[in-house]
>>> print(open('query_39.txt').read())   # compact mmCIF, C-alpha atoms
# COMPACT_ATOMS: atom_id res chain seq x y z
CA MET P 1 59.43 50.68 110.06
CA HIS P 2 58.15 54.13 109.13
CA LEU P 3 61.71 55.37 108.51
CA VAL P 4 62.51 52.29 106.42
CA LEU P 5 59.46 53.04 104.27
CA LEU P 6 60.61 56.65 103.94
CA VAL P 7 64.00 55.53 102.61
CA LEU P 8 62.39 52.93 100.33
CA ALA P 9 59.87 55.42 98.94
CA THR P 10 62.60 58.00 98.25
CA PHE P 11 64.81 55.30 96.76
CA ALA P 12 62.12 54.00 94.39
CA ALA P 13 60.82 57.42 93.34
CA SER P 14 64.34 58.72 92.74
CA ALA P 15 65.35 55.58 90.83
CA VAL P 16 62.51 56.09 88.33
CA GLU P 17 63.65 59.63 87.56
CA MET P 18 67.32 58.62 87.40
CA VAL P 19 66.59 55.81 84.93
CA GLU P 20 64.98 58.36 82.64
CA ALA P 21 67.91 60.77 83.01
CA LEU P 22 70.41 57.95 82.41
CA THR P 23 68.63 56.98 79.19
CA ILE P 24 69.09 60.50 77.84
CA VAL P 25 72.70 60.74 79.03
CA LEU P 26 73.60 57.40 77.40
CA ALA P 27 71.99 58.43 74.12
CA VAL P 28 73.85 61.78 74.06
CA GLY P 29 77.13 60.29 75.23
CA VAL P 30 77.25 57.60 72.56
CA THR P 31 76.54 59.99 69.69
CA ARG P 32 78.09 63.29 70.80
CA GLY P 33 80.95 62.26 73.04
CA TRP P 34 81.26 61.87 76.77
CA ARG P 35 83.10 65.17 77.36
CA ASP P 36 80.05 67.25 76.51
CA VAL P 37 77.78 64.94 78.45
CA ALA P 38 80.02 65.24 81.50
CA ALA P 39 79.90 69.04 81.21
CA GLY P 40 76.10 69.02 80.88
CA VAL P 41 75.64 66.62 83.77
CA GLY P 42 78.08 68.58 85.94
CA ALA P 43 76.32 71.88 85.26
CA ALA P 44 72.93 70.32 85.95
CA LEU P 45 74.16 68.85 89.24
CA LEU P 46 75.52 72.26 90.32
CA CYS P 47 72.14 73.88 89.62
CA LEU P 48 70.38 71.09 91.48
CA ALA P 49 72.64 71.50 94.50
CA PHE P 50 71.70 75.19 94.57
CA VAL P 51 67.98 74.40 94.35
CA VAL P 52 68.18 71.81 97.12
CA ALA P 53 70.20 74.14 99.34
CA ALA P 54 67.69 76.96 98.75
CA LEU P 55 64.55 74.86 99.28
CA GLY P 56 65.64 72.56 102.10
CA PRO P 57 66.23 75.05 104.92
CA ALA P 58 63.19 77.16 103.92
CA LEU P 59 60.92 74.14 104.06
CA THR P 60 62.19 72.81 107.37
CA HIS P 61 61.45 76.14 109.12
CA LEU P 62 57.75 75.93 108.32
CA PRO P 63 55.26 74.61 110.92
CA ILE P 64 55.07 70.84 110.56
CA ASP P 65 51.28 70.57 110.14
CA ALA P 66 51.16 73.30 107.51
CA LEU P 67 54.10 71.60 105.80
CA ARG P 68 52.37 68.24 105.85
CA LEU P 69 49.20 69.78 104.45
CA VAL P 70 50.87 71.63 101.56
CA ILE P 71 53.46 68.98 100.76
CA GLY P 72 51.04 66.13 101.27
CA SER P 73 48.59 67.74 98.84
CA LEU P 74 51.31 68.27 96.22
CA LEU P 75 52.61 64.76 96.73
CA LEU P 76 49.14 63.29 96.51
CA ILE P 77 48.37 65.15 93.26
CA PHE P 78 51.79 64.13 91.89
CA GLY P 79 51.32 60.52 93.05
CA LEU P 80 47.80 60.24 91.67
CA GLN P 81 49.06 61.31 88.24
CA TRP P 82 51.76 58.62 88.34
CA LEU P 83 49.37 55.99 89.61
CA ARG P 84 46.70 56.89 87.07
CA LYS P 85 49.17 56.54 84.18
CA ALA P 86 50.63 53.29 85.57
CA ILE P 87 47.10 51.83 85.96
CA LEU P 88 46.17 52.89 82.42
CA ARG P 89 49.38 51.29 81.10
CA ALA P 90 48.97 48.09 83.11
CA GLY P 91 45.31 47.94 82.07
CA GLY P 92 46.21 48.24 78.38
CA LEU P 93 44.66 51.68 77.79
CA LYS P 94 48.00 53.45 77.34
CA ALA P 95 51.21 52.32 75.61
CA LEU P 96 53.96 51.11 77.91
CA HIS P 97 56.74 53.65 78.45
CA ASP P 98 59.40 51.95 76.35
CA GLU P 99 62.86 53.20 77.34
CA ASP P 100 64.44 51.32 74.43
CA ALA P 101 62.20 53.08 71.91
CA ILE P 102 62.98 56.41 73.58
CA TYR P 103 66.71 55.64 73.35
CA GLN P 104 66.47 54.80 69.65
CA ALA P 105 64.44 57.99 69.02
CA GLU P 106 67.07 60.04 70.89
CA LEU P 107 69.84 58.46 68.80
CA ALA P 108 68.03 59.19 65.52
CA GLU P 109 67.33 62.77 66.59
CA LEU P 110 70.94 63.38 67.61
CA ARG P 111 72.35 61.86 64.41
CA ALA P 112 69.95 63.95 62.34
CA ALA P 113 71.22 67.07 64.09
CA GLY P 114 74.74 66.36 62.82
CA ASN P 115 77.86 65.89 64.86
CA ASP P 116 79.82 69.12 64.49
CA ARG P 117 82.71 69.21 66.90
CA GLY P 118 83.60 72.62 68.32
CA PRO P 119 85.26 73.76 71.52
CA LEU P 120 82.10 72.60 73.26
CA ASP P 121 79.24 70.71 71.66
CA TRP P 122 76.32 72.81 72.90
CA TYR P 123 73.73 70.42 71.54
CA GLY P 124 75.07 67.49 73.54
CA PHE P 125 75.64 69.74 76.54
CA THR P 126 72.12 71.17 76.45
CA VAL P 127 70.36 67.84 75.94
CA ALA P 128 72.33 66.24 78.78
CA PHE P 129 71.79 69.29 80.99
CA LYS P 130 68.07 69.40 80.29
CA GLY P 131 67.59 65.69 80.92
CA VAL P 132 69.58 65.59 84.13
CA PHE P 133 68.27 68.90 85.47
CA LEU P 134 64.59 68.17 84.88
CA GLU P 135 64.72 64.62 86.18
CA GLY P 136 67.05 65.73 88.98
CA LEU P 137 64.63 68.49 89.93
CA GLU P 138 61.98 65.85 90.42
CA VAL P 139 64.39 63.86 92.60
CA ALA P 140 65.17 67.02 94.61
CA PHE P 141 61.44 67.67 95.00
CA ILE P 142 60.90 64.12 96.24
CA VAL P 143 63.86 64.22 98.65
CA VAL P 144 63.05 67.64 100.11
CA THR P 145 59.33 66.95 100.46
CA PHE P 146 59.67 63.42 101.85
CA GLY P 147 62.56 64.37 104.12
CA ALA P 148 61.33 67.74 105.37
CA ALA P 149 57.80 66.59 106.13
CA GLN P 150 59.09 63.72 108.25
CA GLY P 151 61.98 65.68 109.76
CA HIS P 152 64.47 63.24 108.25
CA LEU P 153 65.99 65.04 105.28
CA GLY P 154 69.19 63.04 105.72
CA LEU P 155 67.38 59.70 105.43
CA ALA P 156 65.48 60.85 102.34
CA ALA P 157 68.78 62.00 100.80
CA LEU P 158 70.23 58.61 101.72
CA GLY P 159 67.44 56.88 99.78
CA ALA P 160 68.09 59.07 96.74
CA ALA P 161 71.87 58.60 97.04
CA ALA P 162 71.39 54.82 97.18
CA ALA P 163 69.22 55.03 94.07
CA LEU P 164 71.93 57.07 92.33
CA VAL P 165 74.57 54.47 93.18
CA VAL P 166 72.37 51.58 92.04
CA VAL P 167 71.23 53.25 88.80
CA LEU P 168 74.79 54.37 87.97
CA ALA P 169 76.13 50.88 88.71
CA VAL P 170 73.42 49.31 86.55
CA GLY P 171 74.13 51.86 83.81
CA LEU P 172 77.85 51.14 83.92
CA VAL P 173 77.36 47.38 83.89
CA VAL P 174 74.78 47.15 81.10
CA HIS P 175 75.98 50.33 79.35
CA ARG P 176 72.83 50.41 77.24
CA PRO P 177 69.21 51.53 77.62
CA LEU P 178 67.58 50.21 80.71
CA SER P 179 64.64 48.73 78.87
CA ARG P 180 64.95 45.55 80.92
CA VAL P 181 64.00 47.48 84.04
CA PRO P 182 60.23 46.99 84.26
CA GLU P 183 59.59 50.70 84.31
CA ASN P 184 55.82 50.58 84.61
CA THR P 185 56.04 48.18 87.53
CA LEU P 186 58.41 50.59 89.21
CA LYS P 187 56.14 53.54 88.43
CA PHE P 188 53.13 51.64 89.69
CA GLY P 189 54.87 51.02 93.01
CA VAL P 190 56.06 54.61 93.23
CA GLY P 191 52.56 55.89 92.46
CA VAL P 192 51.16 53.74 95.25
CA MET P 193 53.79 55.02 97.69
CA LEU P 194 53.45 58.71 96.74
CA THR P 195 49.67 58.48 96.93
CA SER P 196 49.75 56.69 100.30
CA PHE P 197 52.21 59.16 101.84
CA GLY P 198 50.17 62.03 100.37
CA ILE P 199 46.96 60.69 101.93
CA PHE P 200 48.70 60.18 105.26
CA TRP P 201 50.25 63.65 105.46
CA THR P 202 47.27 65.63 104.16
CA THR P 203 45.01 63.93 106.69
CA GLU P 204 47.41 64.71 109.55
CA GLY P 205 47.98 68.23 108.25
CA ALA P 206 44.22 68.87 108.10
CA GLY P 207 43.98 68.00 111.80
CA ALA P 208 42.53 64.48 111.66
CA ALA P 209 44.16 61.64 113.62
CA TRP P 210 44.94 58.17 112.24
CA PRO P 211 43.99 55.12 114.31
CA GLY P 212 47.28 53.61 115.47
CA ASN P 213 49.22 56.73 114.45
CA ASP P 214 52.25 56.19 112.17
CA ALA P 215 51.81 52.42 111.87
CA PHE P 216 48.59 53.04 109.96
CA ILE P 217 50.64 54.04 106.91
CA LEU P 218 51.00 50.31 106.20
CA VAL P 219 47.21 49.93 106.11
CA VAL P 220 46.94 52.92 103.77
CA LEU P 221 49.65 51.41 101.53
CA ALA P 222 47.90 48.04 101.41
CA PHE P 223 44.56 49.73 100.71
CA ILE P 224 45.86 51.86 97.83
CA LEU P 225 47.79 48.90 96.37
CA SER P 226 44.62 46.77 96.45
CA VAL P 227 42.47 49.51 94.92
CA ALA P 228 45.04 50.14 92.15
CA GLY P 229 45.22 46.39 91.45
CA LEU P 230 41.43 46.19 91.22
CA PHE P 231 41.38 49.08 88.73
CA VAL P 232 43.94 47.25 86.54
CA VAL P 233 41.84 44.05 86.65
CA ALA P 234 38.71 46.05 85.80
CA LEU P 235 40.42 47.69 82.80
CA ARG P 236 41.78 44.38 81.52
CA ARG P 237 38.28 42.87 81.73
CA ASN P 238 36.84 45.98 80.07
CA VAL P 239 34.56 46.70 83.01
CA ARG P 240 33.17 50.22 82.52
CA LEU P 241 34.02 52.44 85.50
CA LEU P 242 31.66 55.21 84.38
CA PRO P 243 28.34 55.06 82.54
CA VAL P 244 28.71 55.23 78.76
CA GLY P 245 28.53 58.84 77.64
CA PRO P 246 30.37 61.45 75.64
CA ALA P 247 34.17 61.10 75.75
CA THR P 248 35.95 63.91 77.59
CA MET O 1 56.12 86.40 77.22
CA GLY O 2 57.00 83.05 75.69
CA ALA O 3 59.44 82.30 78.49
CA VAL O 4 56.88 83.21 81.18
CA ARG O 5 54.29 81.02 79.49
CA LYS O 6 56.80 78.15 79.25
CA PHE O 7 57.68 78.60 82.93
CA PHE O 8 54.07 78.33 84.07
CA SER O 9 53.39 75.56 81.59
CA PHE O 10 56.30 73.55 83.02
CA TRP O 11 55.08 73.92 86.60
CA TYR O 12 51.47 73.20 85.61
CA ASP O 13 52.55 69.99 83.86
CA PHE O 14 54.93 69.12 86.69
CA VAL O 15 52.37 69.49 89.49
CA VAL O 16 48.93 69.10 87.94
CA GLY O 17 49.72 66.88 84.96
CA ASP O 18 47.21 65.29 82.60
CA ASP O 19 44.02 65.57 84.64
CA TRP O 20 43.30 68.82 86.51
CA MET O 21 40.26 67.16 88.09
CA LEU O 22 42.57 65.11 90.33
CA ALA O 23 44.22 68.27 91.67
CA VAL O 24 40.90 70.02 92.31
CA GLY O 25 39.47 66.87 93.91
CA VAL O 26 42.43 66.59 96.29
CA VAL O 27 42.02 70.22 97.40
CA VAL O 28 38.27 69.69 97.99
CA ALA O 29 38.92 66.47 99.95
CA VAL O 30 41.52 68.24 102.11
CA LEU O 31 39.03 71.03 102.87
CA VAL O 32 36.34 68.49 103.81
CA THR O 33 38.80 66.65 106.10
CA TRP O 34 39.80 69.94 107.72
CA ALA O 35 36.13 70.92 108.25
CA LEU O 36 35.28 67.54 109.82
CA ALA O 37 38.48 66.99 111.85
CA ALA O 38 37.38 68.89 114.95
CA THR O 39 33.98 67.18 115.34
CA PHE O 40 34.19 63.81 113.55
CA SER O 41 36.64 61.22 114.89
CA ALA O 42 36.57 59.22 111.64
CA ALA O 43 37.57 62.20 109.48
CA TRP O 44 40.66 60.19 108.46
CA LEU O 45 38.37 58.16 106.17
CA VAL O 46 37.77 61.12 103.87
CA MET O 47 41.11 61.18 102.02
CA PRO O 48 41.40 57.42 101.23
CA LEU O 49 37.79 57.30 100.04
CA ALA O 50 38.20 60.51 98.04
CA VAL O 51 41.27 59.02 96.31
CA VAL O 52 39.30 55.92 95.28
CA VAL O 53 36.47 58.05 93.86
CA LEU O 54 38.88 60.44 92.09
CA LEU O 55 40.85 57.58 90.53
CA ALA O 56 37.64 55.85 89.41
CA ILE O 57 36.37 59.03 87.74
CA SER O 58 39.72 59.92 86.15
CA ILE O 59 40.42 56.39 84.87
CA GLY O 60 36.78 56.01 83.81
CA ARG O 61 37.03 59.20 81.75
CA ALA O 62 40.23 57.94 80.11
CA GLN O 63 38.51 54.61 79.47
CA ARG O 64 35.53 56.36 77.91
CA ALA O 65 37.82 58.44 75.68
CA ALA O 66 39.68 55.32 74.48
CA PRO O 67 38.43 53.40 71.41
CA ASP O 68 35.91 50.69 72.30
CA PRO O 69 37.63 47.31 71.66
CA PHE O 70 34.25 45.83 70.68
CA ASP O 71 33.49 48.50 68.07
CA GLY O 72 32.71 46.88 64.73
CA ALA O 73 32.58 43.41 66.25
CA ASP O 74 29.57 41.12 66.21
CA HIS O 75 28.10 41.48 69.68
CA GLY O 76 26.01 38.36 69.18
CA SER O 77 22.71 40.12 69.62
>>> encode(input="query_39.txt", output="structure tokens")
Amino acid sequence: MHLVLLVLATFAASAVEMVEALTIVLAVGVTRGWRDVAAGVGAALLCLAFVVAALGPALTHLPIDALRLVIGSLLLIFGLQWLRKAILRAGGLKALHDEDAIYQAELAELRAAGNDRGPLDWYGFTVAFKGVFLEGLEVAFIVVTFGAAQGHLGLAALGAAAALVVVLAVGLVVHRPLSRVPENTLKFGVGVMLTSFGIFWTTEGAGAAWPGNDAFILVVLAFILSVAGLFVVALRRNVRLLPVGPAT
Amino acid sequence: MGAVRKFFSFWYDFVVGDDWMLAVGVVVAVLVTWALAATFSAAWLVMPLAVVVLLAISIGRAQRAAPDPFDGADHGS
């Protein structure tokens, strides 16, 4: 069960990043041509492969508790940021992350930049590279941290690879911005998972023991999901979480 | 200098994000768990409870900074 959750968490977290990268790639490809996009994506993937190869072995040689502590803390901070934003969006305090609007903005920006064709369109190349590399770096971070901390780098990579296949297939089929994917729902779920795994690993890394060992991750997941849901309900009903005071 | 600044800015945004208080709170909670782990069998409670408190404070601050939906409305008083 624990390993299934590991694959699912990696799959979901990676899928979110890949959807964002795909949005950029589609926007660049449609306006600047697929050759330059392919070059940008290829270069970004090469760089990513190097980063993963450099980080993976180094991380797996660290002591497991120290690894869980450091990675768990990073993951928890990362997850809390995602969860906070997803709660604020679901609660109506922050605009929903609209992939369609982002796609239209990308199109307008690219058209405004002109469409000069040279031996290689550096604008298209750079935008595609930047989008894929930055989002891919987040995927690499998720895969290496999830996989290395649990000693199952292969399974974490499997989750990310499955996400890549699914997102690519979806992208090929719809061939348009993935605004129909309920992104905030996905981010909400990913935030819950990252936060839960972060709590679990930091606690173990700090030397405390969970009742029921690994199975307790399900309790942590259910707890964080419930708490996050309650925060959304509170925001929608305009329940003040802090006393009224100066805005920060 | 600009490149160095951009580099650190990227990693700060990537890891810490919008609310530094969450990052500091996590580090403090980890230290408390570590300090209690040897003597307190329920030290595992610290992190989940800390996360609830941190989220409440962070979301509450964002809520306080957002415009009040009842501003300008007749509160019926």
>>> atom_distance(input="query_39.txt", atom1="CA of Ala149 in chain P", atom2="CA of Gly191 in chain P")
18.1 Å
>>> atom_distance(input="query_39.txt", atom1="CA of Glu138 in chain P", atom2="CA of Ala206 in chain P")
25.2 Å
>>> residues_around(input="query_39.txt", residues="range 159-169 of chain P", least_positions_apart="4", cutoff="9 Å", atoms="only C-alpha atoms", output="list in words")
Leu6, Val7, Leu8, Ala9, Thr10, Phe11, Ala12, Ala13, Ser14, Ala15, Val16, Met18, Val19, Leu22, Val139, Ala140, Ile142, Val143, Gly154, Leu155, Val173 and Val174 of chain P
>>> write_last_selection(input="query_39.txt", atoms="C-alpha atoms", output="tab-separated table (two decimals), in the coordinates of the input")
chain	number	residue	atom	x	y	z
P	6	LEU	CA	60.61	56.65	103.94
P	7	VAL	CA	64.00	55.53	102.61
P	8	LEU	CA	62.39	52.93	100.33
P	9	ALA	CA	59.87	55.42	98.94
P	10	THR	CA	62.60	58.00	98.25
P	11	PHE	CA	64.81	55.30	96.76
P	12	ALA	CA	62.12	54.00	94.39
P	13	ALA	CA	60.82	57.42	93.34
P	14	SER	CA	64.34	58.72	92.74
P	15	ALA	CA	65.35	55.58	90.83
P	16	VAL	CA	62.51	56.09	88.33
P	18	MET	CA	67.32	58.62	87.40
P	19	VAL	CA	66.59	55.81	84.93
P	22	LEU	CA	70.41	57.95	82.41
P	139	VAL	CA	64.39	63.86	92.60
P	140	ALA	CA	65.17	67.02	94.61
P	142	ILE	CA	60.90	64.12	96.24
P	143	VAL	CA	63.86	64.22	98.65
P	154	GLY	CA	69.19	63.04	105.72
P	155	LEU	CA	67.38	59.70	105.43
P	173	VAL	CA	77.36	47.38	83.89
P	174	VAL	CA	74.78	47.15	81.10
>>> closest_atom_pairs(input="query_39.txt", of="chain O", to="chain P", cutoff="6 Å", atoms="only C-alpha atoms", output="CSV")
residue,atom,partner,partner_atom,distance
O:Val15,CA,P:Phe78,CA,5.9
O:Ala23,CA,P:Ile77,CA,5.4
O:Trp34,CA,P:Ala206,CA,4.6
O:Ala37,CA,P:Ala208,CA,4.8
O:Ala43,CA,P:Ala208,CA,5.9
O:Trp44,CA,P:Ala208,CA,5.7
O:Met47,CA,P:Ile199,CA,5.9
O:Gly60,CA,P:Leu241,CA,4.8
O:Arg64,CA,P:Ala247,CA,5.4
O:Ala65,CA,P:Ala247,CA,4.5
>>> atom_distance(input="query_39.txt", atom1="CA of Arg68 in chain P", atom2="CA of Phe197 in chain P")
9.9 Å
>>> residues_around(input="query_39.txt", residues="Val46 in chain O", least_positions_apart="4", cutoff="8 Å", atoms="all atoms listed in the file", output="PyMOL selection string")
chain O and resi 29+32-33+50
>>> write_last_selection(input="query_39.txt", atoms="C-alpha atoms", output="CSV table (one decimal), keeping the file's coordinate frame")
chain,number,residue,atom,x,y,z
O,29,ALA,CA,38.9,66.5,100.0
O,32,VAL,CA,36.3,68.5,103.8
O,33,THR,CA,38.8,66.6,106.1
O,50,ALA,CA,38.2,60.5,98.0
>>> axis_aligned_box(input="query_39.txt", around="range 68-86 of chain P", padding_each_side="8 Å", output="lines of an AutoDock Vina configuration file")
center_x = 50.1
center_y = 62.5
center_z = 95.0
size_x = 22.8
size_y = 34.3
size_z = 37.7
>>> closest_residue(input="query_39.txt", among="P:Cys47, P:Leu153, P:Leu230, P:Ala148", to="Leu55 in chain O", atoms="only C-alpha atoms")
P:Leu230
>>> build_atoms(input="query_39.txt", residues="range 13-30 of chain O", atoms="N, CA and C atoms", output="compact mmCIF listing (two decimals), keeping the file's coordinate frame")
# COMPACT_ATOMS: atom_id res chain seq x y z
N ASP O 13 52.40 71.39 84.25
CA ASP O 13 52.55 69.99 83.86
C ASP O 13 53.22 69.18 84.97
N PHE O 14 54.17 69.80 85.64
CA PHE O 14 54.93 69.12 86.69
C PHE O 14 54.03 68.76 87.88
N VAL O 15 53.18 69.70 88.29
CA VAL O 15 52.37 69.49 89.49
C VAL O 15 51.00 68.91 89.16
N VAL O 16 50.31 69.52 88.22
CA VAL O 16 48.93 69.10 87.94
C VAL O 16 48.88 67.93 86.97
N GLY O 17 49.65 68.00 85.89
CA GLY O 17 49.72 66.88 84.96
C GLY O 17 48.56 66.79 84.00
N ASP O 18 48.18 65.54 83.68
CA ASP O 18 47.21 65.29 82.60
C ASP O 18 45.76 65.59 82.99
N ASP O 19 45.42 65.45 84.25
CA ASP O 19 44.02 65.57 84.64
C ASP O 19 43.87 66.55 85.80
N TRP O 20 43.44 67.77 85.49
CA TRP O 20 43.30 68.82 86.51
C TRP O 20 42.26 68.42 87.57
N MET O 21 41.32 67.56 87.17
CA MET O 21 40.26 67.16 88.09
C MET O 21 40.83 66.49 89.35
N LEU O 22 41.93 65.76 89.18
CA LEU O 22 42.57 65.11 90.33
C LEU O 22 43.06 66.16 91.33
N ALA O 23 43.69 67.22 90.80
CA ALA O 23 44.22 68.27 91.67
C ALA O 23 43.09 68.99 92.41
N VAL O 24 42.04 69.33 91.68
CA VAL O 24 40.90 70.02 92.31
C VAL O 24 40.24 69.11 93.35
N GLY O 25 40.09 67.83 92.99
CA GLY O 25 39.47 66.87 93.91
C GLY O 25 40.25 66.72 95.20
N VAL O 26 41.59 66.70 95.09
CA VAL O 26 42.43 66.59 96.29
C VAL O 26 42.22 67.80 97.19
N VAL O 27 42.21 68.98 96.61
CA VAL O 27 42.02 70.22 97.40
C VAL O 27 40.65 70.19 98.10
N VAL O 28 39.62 69.77 97.39
CA VAL O 28 38.27 69.69 97.99
C VAL O 28 38.26 68.68 99.14
N ALA O 29 38.88 67.51 98.91
CA ALA O 29 38.92 66.47 99.95
C ALA O 29 39.67 66.95 101.19
N VAL O 30 40.76 67.70 100.98
CA VAL O 30 41.52 68.24 102.11
C VAL O 30 40.64 69.21 102.91
